[in-house]
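What follows is the content of final-v9.cif (mmCIF, C-alpha atoms).
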```cif
data_start
#
loop_
_atom_site.label_atom_id
_atom_site.label_comp_id
_atom_site.auth_asym_id
_atom_site.auth_seq_id
_atom_site.Cartn_x
_atom_site.Cartn_y
_atom_site.Cartn_z
CA MET A 1 105.49 113.34 107.13
CA ILE A 2 107.13 112.25 110.39
CA VAL A 3 105.40 112.63 113.76
CA ASP A 4 107.68 113.34 116.74
CA PRO A 5 110.95 113.00 114.83
CA LEU A 6 114.22 112.47 116.60
CA PRO A 7 115.93 115.75 117.50
CA VAL A 8 118.95 115.55 115.16
CA ALA A 9 118.48 115.48 111.38
CA TRP A 10 121.40 115.00 108.99
CA THR A 11 120.44 115.87 105.40
CA PHE A 12 122.52 115.44 102.26
CA GLU A 13 122.33 114.60 98.56
CA ALA A 14 123.59 111.27 97.22
CA ILE A 15 122.87 108.89 94.30
CA GLY A 16 120.75 111.61 92.74
CA THR A 17 118.29 111.89 95.60
CA HIS A 18 117.75 113.62 98.95
CA TRP A 19 118.65 111.78 102.16
CA ARG A 20 117.71 112.45 105.76
CA ILE A 21 118.96 110.48 108.77
CA ASP A 22 117.29 111.28 112.10
CA THR A 23 118.99 110.22 115.33
CA ARG A 24 118.85 111.00 119.04
CA GLU A 25 122.33 112.57 118.94
CA ALA A 26 124.59 113.73 116.15
CA LEU A 27 126.43 110.84 114.56
CA PRO A 28 130.12 110.67 115.46
CA THR A 29 132.32 111.66 112.54
CA PRO A 30 133.67 108.13 111.90
CA ILE A 31 130.13 106.76 111.62
CA ALA A 32 128.98 109.60 109.37
CA ASP A 33 132.05 109.08 107.18
CA ALA A 34 131.29 105.35 107.00
CA VAL A 35 127.73 106.10 105.86
CA THR A 36 128.99 108.49 103.19
CA GLU A 37 131.52 105.96 101.90
CA ARG A 38 128.98 103.12 101.92
CA ILE A 39 126.60 105.11 99.75
CA ALA A 40 129.43 106.17 97.42
CA ARG A 41 130.59 102.55 97.06
CA PHE A 42 127.08 101.40 96.20
CA ASP A 43 126.92 104.09 93.53
CA ARG A 44 130.27 102.98 92.07
CA ASP A 45 129.04 99.40 91.98
CA TRP A 46 125.48 99.77 90.69
CA SER A 47 124.87 103.08 88.91
CA ARG A 48 124.14 102.71 85.20
CA PHE A 49 124.60 106.49 84.95
CA ARG A 50 128.37 106.18 85.56
CA SER A 51 130.79 104.99 82.90
CA ASP A 52 133.19 103.74 85.60
CA SER A 53 130.69 101.62 87.56
CA ARG A 54 130.82 97.83 87.78
CA VAL A 55 127.58 97.46 85.85
CA ALA A 56 128.85 99.68 83.02
CA ALA A 57 131.07 96.79 81.86
CA LEU A 58 128.13 94.43 81.42
CA THR A 59 127.40 95.73 77.95
CA THR A 60 129.99 93.20 76.73
CA PRO A 61 129.21 89.46 77.03
CA GLY A 62 131.36 87.60 79.53
CA ARG A 63 131.61 86.48 83.15
CA TYR A 64 131.64 89.20 85.80
CA ARG A 65 132.16 89.17 89.53
CA LEU A 66 129.77 91.68 91.00
CA ALA A 67 129.99 93.55 94.28
CA ASP A 68 130.10 91.59 97.53
CA ASP A 69 126.62 92.84 98.39
CA ALA A 70 125.11 91.65 95.09
CA GLY A 71 123.64 88.40 96.42
CA PRO A 72 120.58 89.63 98.34
CA LEU A 73 119.74 92.20 95.66
CA LEU A 74 119.89 89.93 92.62
CA ASP A 75 118.37 86.99 94.49
CA PHE A 76 115.37 89.15 95.33
CA TYR A 77 115.17 90.39 91.75
CA ARG A 78 114.96 86.77 90.66
CA GLU A 79 112.02 86.32 93.05
CA LEU A 80 110.36 89.48 91.73
CA PHE A 81 110.87 88.30 88.16
CA ALA A 82 109.09 85.02 88.92
CA ALA A 83 106.31 86.64 90.97
CA THR A 84 105.44 89.12 88.20
CA ALA A 85 105.82 86.79 85.20
CA GLY A 86 108.92 88.67 84.12
CA ARG A 87 107.53 92.19 84.50
CA VAL A 88 110.04 93.26 87.19
CA THR A 89 113.59 92.73 85.94
CA PRO A 90 116.93 94.56 86.24
CA LEU A 91 117.43 94.19 82.47
CA VAL A 92 115.32 97.23 81.56
CA GLY A 93 118.34 99.56 81.32
CA ARG A 94 118.82 99.59 77.54
CA THR A 95 115.14 100.21 76.93
CA LEU A 96 115.02 103.04 79.48
CA GLU A 97 118.07 104.60 77.84
CA ALA A 98 116.42 104.41 74.44
CA LEU A 99 113.32 106.08 75.87
CA GLY A 100 115.52 109.00 76.96
CA TYR A 101 116.29 108.12 80.58
CA ASP A 102 120.04 107.79 80.07
CA ALA A 103 123.23 109.14 81.63
CA ALA A 104 122.90 112.38 79.66
CA TYR A 105 119.20 112.72 80.60
CA ARG A 106 118.26 113.33 76.96
CA LEU A 107 114.60 112.70 77.81
CA LEU A 108 113.91 112.17 74.11
CA PRO A 109 112.99 108.72 72.81
CA ALA A 110 115.18 107.15 70.13
CA ALA A 111 113.76 106.14 66.77
CA GLU A 112 113.99 102.46 67.72
CA ILE A 113 113.26 101.10 71.20
CA PRO A 114 115.00 97.76 71.89
CA PRO A 115 112.96 95.08 73.67
CA VAL A 116 113.78 94.09 77.24
CA PRO A 117 115.75 90.81 77.12
CA ASP A 118 114.49 87.80 79.02
CA TRP A 119 116.42 86.99 82.20
CA GLY A 120 116.98 83.37 81.19
CA ASP A 121 118.24 84.30 77.74
CA ALA A 122 120.46 87.26 78.59
CA VAL A 123 122.15 86.51 81.92
CA ALA A 124 122.83 83.73 84.42
CA TRP A 125 123.41 84.47 88.11
CA ASP A 126 125.09 81.86 90.34
CA GLY A 127 125.15 83.91 93.52
CA GLU A 128 128.63 85.28 92.91
CA HIS A 129 129.17 85.73 89.18
CA LEU A 130 126.93 87.11 86.48
CA ASP A 131 127.34 85.49 83.09
CA VAL A 132 126.24 87.93 80.40
CA VAL A 133 125.17 86.15 77.22
CA THR A 134 123.82 89.13 75.33
CA PRO A 135 124.71 92.80 75.95
CA ALA A 136 122.73 94.12 78.90
CA VAL A 137 122.38 97.32 80.85
CA LEU A 138 121.46 96.59 84.46
CA ASP A 139 119.12 99.00 86.17
CA VAL A 140 118.43 98.13 89.81
CA GLY A 141 116.14 101.10 90.40
CA ALA A 142 113.15 98.91 91.23
CA ALA A 143 114.72 97.69 94.49
CA GLY A 144 118.25 99.11 94.70
CA LYS A 145 117.53 102.29 96.66
CA GLY A 146 115.61 100.31 99.25
CA TYR A 147 118.50 97.88 99.54
CA LEU A 148 120.91 100.76 100.10
CA VAL A 149 118.63 102.11 102.84
CA ASP A 150 118.94 98.69 104.51
CA LEU A 151 122.73 98.72 104.16
CA VAL A 152 122.95 102.16 105.77
CA SER A 153 120.50 101.11 108.51
CA ASP A 154 122.53 98.00 109.26
CA LEU A 155 125.68 100.09 109.46
CA LEU A 156 124.05 102.36 112.06
CA ALA A 157 122.79 99.39 114.08
CA GLU A 158 126.22 97.74 114.04
CA ALA A 159 127.69 101.02 115.30
CA GLY A 160 125.37 100.89 118.32
CA ILE A 161 122.80 103.47 117.20
CA ASP A 162 119.59 102.24 118.83
CA GLU A 163 117.10 104.74 117.39
CA TYR A 164 117.11 106.14 113.90
CA ILE A 165 115.15 106.92 110.75
CA VAL A 166 116.91 106.54 107.41
CA ASP A 167 114.91 108.26 104.67
CA ALA A 168 116.04 108.32 101.03
CA SER A 169 113.32 110.46 99.43
CA GLY A 170 110.44 108.36 100.69
CA ASP A 171 112.18 105.00 100.90
CA LEU A 172 112.79 104.69 104.60
CA ARG A 173 113.58 102.38 107.45
CA THR A 174 113.09 103.08 111.12
CA ARG A 175 114.39 101.44 114.26
CA ALA A 176 112.53 101.94 117.54
CA VAL A 177 110.90 105.15 116.26
CA PRO A 178 107.15 104.77 115.53
CA MET A 179 106.02 106.91 112.63
CA ARG A 180 102.79 108.20 111.16
CA ILE A 181 103.30 108.74 107.43
CA ALA A 182 101.09 110.77 105.14
CA LEU A 183 100.63 109.18 101.71
CA GLU A 184 101.23 111.90 99.16
CA HIS A 185 98.66 112.28 96.40
CA PRO A 186 100.58 111.36 93.22
CA LEU A 187 98.90 114.17 91.25
CA ASP A 188 98.97 116.86 93.94
CA PRO A 189 101.81 116.82 96.52
CA ARG A 190 99.87 119.30 98.65
CA LYS A 191 97.32 116.60 99.47
CA ALA A 192 97.39 113.24 101.22
CA VAL A 193 95.34 110.26 100.06
CA GLY A 194 95.82 108.35 103.28
CA VAL A 195 98.01 107.70 106.27
CA ALA A 196 100.10 104.71 107.37
CA GLU A 197 101.32 103.75 110.83
CA LEU A 198 104.84 102.32 110.91
CA PRO A 199 105.89 101.11 114.37
CA ASP A 200 109.17 99.68 113.09
CA GLY A 201 110.63 98.40 109.83
CA ALA A 202 110.48 99.87 106.34
CA PHE A 203 108.17 101.91 104.14
CA CYS A 204 108.59 102.61 100.43
CA ALA A 205 106.47 104.48 97.92
CA SER A 206 106.57 104.69 94.15
CA ALA A 207 104.63 106.79 91.67
CA THR A 208 104.65 107.14 87.91
CA THR A 209 104.51 110.91 88.33
CA ARG A 210 108.04 110.86 89.72
CA ARG A 211 110.89 110.56 87.23
CA ALA A 212 108.47 111.28 84.41
CA TRP A 213 109.19 113.00 81.13
CA GLY A 214 107.73 113.46 77.66
CA ASP A 215 104.28 112.24 76.72
CA GLY A 216 103.38 109.54 79.22
CA LEU A 217 106.98 108.41 79.75
CA HIS A 218 108.17 107.42 83.23
CA HIS A 219 110.57 105.04 84.95
CA VAL A 220 108.24 102.07 85.62
CA LEU A 221 108.66 100.03 82.47
CA ASP A 222 106.58 97.05 81.36
CA PRO A 223 108.95 94.61 79.62
CA ALA A 224 106.00 92.97 77.88
CA THR A 225 105.34 96.13 75.86
CA GLY A 226 108.64 98.00 76.18
CA LEU A 227 106.63 101.01 77.34
CA PRO A 228 105.84 102.60 80.70
CA THR A 229 102.98 101.11 82.69
CA ARG A 230 99.54 102.68 82.47
CA SER A 231 97.10 101.18 84.98
CA VAL A 232 98.57 101.94 88.42
CA LEU A 233 99.45 105.47 89.46
CA ALA A 234 101.15 104.98 92.85
CA THR A 235 101.99 102.30 95.42
CA TRP A 236 102.86 102.30 99.12
CA VAL A 237 104.35 99.28 100.90
CA LEU A 238 105.33 98.41 104.47
CA ALA A 239 107.70 95.50 105.07
CA PRO A 240 110.43 94.32 107.44
CA THR A 241 113.17 95.60 105.10
CA ALA A 242 113.39 98.41 102.60
CA LEU A 243 114.68 96.01 99.92
CA VAL A 244 111.41 94.08 100.10
CA ALA A 245 109.24 97.19 100.43
CA ASP A 246 110.92 98.89 97.47
CA GLY A 247 110.80 95.83 95.23
CA ILE A 248 107.19 95.03 95.97
CA ALA A 249 106.24 98.70 95.53
CA THR A 250 107.38 98.21 91.93
CA ALA A 251 105.82 94.75 91.58
CA LEU A 252 102.41 96.17 92.51
CA PHE A 253 102.34 98.17 89.27
CA PHE A 254 101.74 94.74 87.73
CA ASP A 255 99.71 91.68 88.68
CA ALA A 256 102.14 90.41 91.30
CA ASP A 257 101.48 86.98 92.77
CA PRO A 258 99.39 87.71 95.92
CA GLU A 259 100.85 84.70 97.72
CA PHE A 260 104.35 86.07 97.16
CA VAL A 261 103.34 89.47 98.53
CA ALA A 262 101.65 87.89 101.56
CA HIS A 263 104.62 85.55 102.17
CA ARG A 264 106.91 88.56 102.36
CA ALA A 265 104.76 89.93 105.21
CA THR A 266 103.98 93.21 103.50
CA ALA A 267 101.02 95.52 103.79
CA PHE A 268 100.24 97.78 100.88
CA ALA A 269 97.99 100.30 99.22
CA ARG A 270 97.92 101.36 95.59
CA MET A 271 96.02 103.91 93.54
CA PHE A 272 94.89 103.35 89.97
CA HIS A 273 94.62 105.96 87.24
CA ASP A 274 90.83 106.09 87.64
CA GLY A 275 91.23 107.15 91.28
CA SER A 276 90.21 103.81 92.80
CA VAL A 277 92.40 102.17 95.43
CA ASP A 278 93.41 98.65 96.39
CA VAL A 279 94.36 98.18 100.05
CA SER A 280 95.58 95.01 101.75
CA SER A 281 93.47 93.79 104.67
CA ASP A 282 96.35 94.28 107.10
CA PHE A 283 97.24 97.82 106.01
CA PRO A 284 98.04 99.75 109.23
CA GLY A 285 96.30 103.00 108.46
CA GLU A 286 93.50 104.44 106.38
CA MET A 287 92.83 105.79 102.92
CA PHE A 288 90.87 108.99 102.40
CA VAL A 289 89.73 108.13 98.85
#
```
Give the structure from the file, written as structure tokens.
Amino acid sequence: MIVDPLPVAWTFEAIGTHWRIDTREALPTPIADAVTERIARFDRDWSRFRSDSRVAALTTPGRYRLADDAGPLLDFYRELFAATAGRVTPLVGRTLEALGYDAAYRLLPAAEIPPVPDWGDAVAWDGEHLDVVTPAVLDVGAAGKGYLVDLVSDLLAEAGIDEYIVDASGDLRTRAVPMRIALEHPLDPRKAVGVAELPDGAFCASATTRRAWGDGLHHVLDPATGLPTRSVLATWVLAPTALVADGIATALFFDADPEFVAHRATAFARMFHDGSVDVSSDFPGEMFV
């Protein structure tokens, strides 16, 4: 929920989700076209749901040059991997596919579920090339959408847009537009469990009730068990960038290193399956439960 939104809202569908970009005036056509192409390029580079994407080739061992924007994303994944004892990793793709969350959206688990490979055993990242030792399916869903929100936001800022809100289905970044955001109840979208104040920066939310299928299956996978997580129901994170907010929103489904979270200057709230909540001391808002 946005309070006092900017007067012009551009809405569209991309990378399988709903986007909304609010601005003071309608974006000039060249800028809007640049946003559209930037999102399409990111999809061509990173989508495991496309057979023609860059990451689709990683199923064969070898050395690969990834997209020019790969550095910040994979570097942050390496931080998340360390801060969660390996529980947040981009190498969950094969296991998610086996559980039914594949390009065909079978939504039916296979007879055998492959384990999630260890980062150190399966791949090596030198900041430019990814050496694939064992076949891997990269899935950057834990932080990728937030990173794309940042890329679009940076594009708008470089084009001289001083005020905007970029919202990709709840992963958002604002510039010079204070917001009051209702935190949707993960079990009842008609209700709010709290509210957050975002003067500037990024906000991301994640819930196991989104992208869920079958009996207890959802997109937040625990590599230690090869199964979806069970303890945490939803997370909400505020941070300077959407990459950080999105990644830590996933990390908080596990026992993320609190020093890492604090170092990244994030405020957060999360709800557990028993209805209890955990809220950081600097959370700019309130919880109703």
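Between Asp22 (chain A) and the candidates A:Ala239, A:Val166, A:Val137, A:Leu58, the tightest atom-to-atom separation, counting only C-alpha atoms, involves A:Val166.
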Compile the contact shell of region 207-212 of chain A as a PDB file with C-alpha atoms, in the frame of the given file: residues with an atom at most 7 Å away, counting only C-alpha atoms, same-chain residues fewer than 5 positions apart removed.
```pdb
ATOM      1  CA  PRO A 186     100.580 111.360  93.220  1.00  0.00           C
ATOM      2  CA  LEU A 217     106.980 108.410  79.750  1.00  0.00           C
ATOM      3  CA  HIS A 218     108.170 107.420  83.230  1.00  0.00           C
ATOM      4  CA  HIS A 219     110.570 105.040  84.950  1.00  0.00           C
ATOM      5  CA  VAL A 220     108.240 102.070  85.620  1.00  0.00           C
ATOM      6  CA  LEU A 233      99.450 105.470  89.460  1.00  0.00           C
ATOM      7  CA  ALA A 234     101.150 104.980  92.850  1.00  0.00           C
ATOM      8  CA  THR A 235     101.990 102.300  95.420  1.00  0.00           C
TER       9      THR A 235
END
```
Can you build me a table of region 183-250 of chain A residues sitting at most 7 Å from region 103-124 of chain A, with the closest atom pair per residue and its distance in Å to one decimal, using only C-alpha atoms, sorted by chain and residue number, as a Markdown table?
```
| residue | atom | partner | partner_atom | distance |
| --- | --- | --- | --- | --- |
| A:Trp213 | CA | A:Leu107 | CA | 6.4 |
| A:Gly214 | CA | A:Leu107 | CA | 6.9 |
| A:Pro223 | CA | A:Val116 | CA | 5.4 |
| A:Gly226 | CA | A:Pro115 | CA | 5.8 |
```
Target residues per the PyMOL selection byres ((chain A and resi 27) around 12), formatted as a VMD selection string: chain A and resid 7 to 10 21 to 26 28 to 36 155 to 156 159 to 164
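CA of Leu91 (chain A) is found 5.1 Å from CA of Leu138 (chain A).
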Top pick for closest residue to Thr134 (chain A), considering A:Asp200, A:Arg270, A:Thr59, A:Arg264 and counting all atoms listed in the file: A:Thr59
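Here the PyMOL selection byres ((chain A and resi 232) around 7) captures the residues Arg230, Ser231, Leu233, Ala234, Phe253, Met271, Phe272 and His273 of chain A.
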Expected selection from the PyMOL selection byres ((chain A and resi 193) around 8), given as a ChimeraX atom specification: /A:182-185,191-192,194-195,287-289
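If only C-alpha atoms are the atoms counted, then among A:Pro199, A:Pro61, A:Pro72, A:Gly16 the closest residue to Ala136 (chain A) is A:Pro61.
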Please return, as an mmCIF file with C-alpha atoms, in the coordinates of the input, all polymer residues that have at least one atom within 7 Å of the point (112.9, 104.7, 81.4); use only C-alpha atoms and the file's own coordinate frame.
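Now in result_37.cif:
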```
data_model
loop_
_atom_site.group_PDB
_atom_site.id
_atom_site.type_symbol
_atom_site.label_atom_id
_atom_site.label_comp_id
_atom_site.auth_asym_id
_atom_site.auth_seq_id
_atom_site.Cartn_x
_atom_site.Cartn_y
_atom_site.Cartn_z
ATOM 1 C CA THR A 95 115.140 100.210 76.930
ATOM 2 C CA LEU A 96 115.020 103.040 79.480
ATOM 3 C CA GLU A 97 118.070 104.600 77.840
ATOM 4 C CA LEU A 99 113.320 106.080 75.870
ATOM 5 C CA GLY A 100 115.520 109.000 76.960
ATOM 6 C CA TYR A 101 116.290 108.120 80.580
ATOM 7 C CA HIS A 218 108.170 107.420 83.230
ATOM 8 C CA HIS A 219 110.570 105.040 84.950
ATOM 9 C CA VAL A 220 108.240 102.070 85.620
ATOM 10 C CA LEU A 221 108.660 100.030 82.470
#
```
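Between CA of Leu187 (chain A) and CA of Glu13 (chain A) the separation is 24.5 Å.
Of note, CA of Ala245 (chain A) and CA of Asp257 (chain A) are spaced 14.9 Å apart.
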Given only C-alpha atoms as the counted atoms, nearest of A:Ser206, A:Gly201, A:Asp274, A:Leu227 to Pro240 (chain A): A:Gly201
Which residue of A:Val149, A:Val237, A:Val244, A:Leu6 approaches Asp278 (chain A) most closely, using all atoms listed in the file: A:Val237
Residue neighbourhood Val88 (chain A), 9 Å, all atoms listed in the file, exclusion window fewer than 3 positions, as an MDAnalysis selection string: chainID A and resid 77:78 80:85 91:92 142 221:223 247 250:251 254
I need region 209-220 of chain A from the structure I supplied, saved as a compact mmCIF listing (two decimals), in the first residue's frame with all heavy atoms retained.
```
# COMPACT_ATOMS: atom_id res chain seq x y z
N THR A 209 3.93 -18.58 1.31
CA THR A 209 2.61 -18.79 0.73
C THR A 209 2.54 -18.30 -0.71
O THR A 209 1.54 -18.52 -1.39
CB THR A 209 1.54 -18.06 1.57
OG1 THR A 209 1.95 -16.70 1.77
CG2 THR A 209 1.37 -18.74 2.92
N ARG A 210 3.56 -17.60 -1.16
CA ARG A 210 3.67 -17.20 -2.55
C ARG A 210 4.52 -18.24 -3.28
O ARG A 210 5.46 -18.78 -2.73
CB ARG A 210 4.32 -15.82 -2.66
CG ARG A 210 3.54 -14.69 -2.00
CD ARG A 210 2.23 -14.44 -2.73
NE ARG A 210 1.47 -13.37 -2.13
CZ ARG A 210 1.55 -12.11 -2.52
NH1 ARG A 210 2.39 -11.76 -3.46
NH2 ARG A 210 0.80 -11.18 -1.94
N ARG A 211 4.19 -18.49 -4.53
CA ARG A 211 4.89 -19.52 -5.30
C ARG A 211 4.92 -20.84 -4.52
O ARG A 211 5.97 -21.42 -4.28
CB ARG A 211 6.29 -19.06 -5.69
CG ARG A 211 6.30 -17.99 -6.77
CD ARG A 211 7.71 -17.60 -7.16
NE ARG A 211 8.31 -16.75 -6.14
CZ ARG A 211 9.57 -16.36 -6.15
NH1 ARG A 211 10.38 -16.78 -7.10
NH2 ARG A 211 10.05 -15.58 -5.21
N ALA A 212 3.74 -21.23 -4.11
CA ALA A 212 3.57 -22.48 -3.35
C ALA A 212 2.72 -23.44 -4.17
O ALA A 212 1.85 -23.04 -4.95
CB ALA A 212 2.90 -22.19 -2.01
N TRP A 213 2.98 -24.73 -4.00
CA TRP A 213 2.24 -25.74 -4.72
C TRP A 213 2.32 -27.06 -3.95
O TRP A 213 3.17 -27.24 -3.08
CB TRP A 213 2.80 -25.92 -6.14
CG TRP A 213 4.18 -26.52 -6.18
CD1 TRP A 213 4.51 -27.83 -6.42
CD2 TRP A 213 5.43 -25.84 -5.97
NE1 TRP A 213 5.87 -28.01 -6.36
CE2 TRP A 213 6.46 -26.80 -6.10
CE3 TRP A 213 5.78 -24.51 -5.68
CZ2 TRP A 213 7.80 -26.48 -5.94
CZ3 TRP A 213 7.11 -24.19 -5.53
CH2 TRP A 213 8.11 -25.16 -5.66
N GLY A 214 1.42 -27.97 -4.25
CA GLY A 214 1.48 -29.29 -3.64
C GLY A 214 1.30 -29.23 -2.13
O GLY A 214 0.79 -28.27 -1.56
N ASP A 215 1.77 -30.27 -1.48
CA ASP A 215 1.63 -30.41 -0.04
C ASP A 215 2.87 -29.83 0.65
O ASP A 215 3.88 -30.51 0.81
CB ASP A 215 1.46 -31.88 0.32
CG ASP A 215 1.22 -32.09 1.82
OD1 ASP A 215 0.94 -31.08 2.52
OD2 ASP A 215 1.33 -33.23 2.28
N GLY A 216 2.77 -28.56 1.05
CA GLY A 216 3.86 -27.93 1.76
C GLY A 216 5.05 -27.55 0.91
O GLY A 216 6.13 -27.26 1.44
N LEU A 217 4.90 -27.52 -0.41
CA LEU A 217 6.00 -27.17 -1.30
C LEU A 217 5.95 -25.69 -1.65
O LEU A 217 4.89 -25.15 -1.97
CB LEU A 217 5.93 -28.00 -2.58
CG LEU A 217 6.03 -29.52 -2.40
CD1 LEU A 217 5.89 -30.22 -3.75
CD2 LEU A 217 7.35 -29.90 -1.74
N HIS A 218 7.09 -25.04 -1.58
CA HIS A 218 7.19 -23.63 -1.96
C HIS A 218 8.62 -23.33 -2.39
O HIS A 218 9.49 -24.22 -2.38
CB HIS A 218 6.75 -22.71 -0.80
CG HIS A 218 7.50 -22.93 0.47
ND1 HIS A 218 8.78 -22.44 0.67
CD2 HIS A 218 7.17 -23.57 1.63
CE1 HIS A 218 9.19 -22.78 1.88
NE2 HIS A 218 8.24 -23.47 2.48
N HIS A 219 8.88 -22.08 -2.76
CA HIS A 219 10.12 -21.73 -3.45
C HIS A 219 11.31 -21.50 -2.52
O HIS A 219 12.44 -21.38 -3.01
CB HIS A 219 9.91 -20.49 -4.30
CG HIS A 219 9.68 -19.24 -3.49
ND1 HIS A 219 8.54 -19.04 -2.74
CD2 HIS A 219 10.45 -18.15 -3.30
CE1 HIS A 219 8.62 -17.86 -2.14
NE2 HIS A 219 9.76 -17.30 -2.46
N VAL A 220 11.11 -21.39 -1.21
CA VAL A 220 12.24 -21.15 -0.30
C VAL A 220 12.77 -22.51 0.16
O VAL A 220 12.19 -23.16 1.03
CB VAL A 220 11.83 -20.29 0.91
CG1 VAL A 220 13.06 -19.97 1.76
CG2 VAL A 220 11.17 -18.99 0.44
```
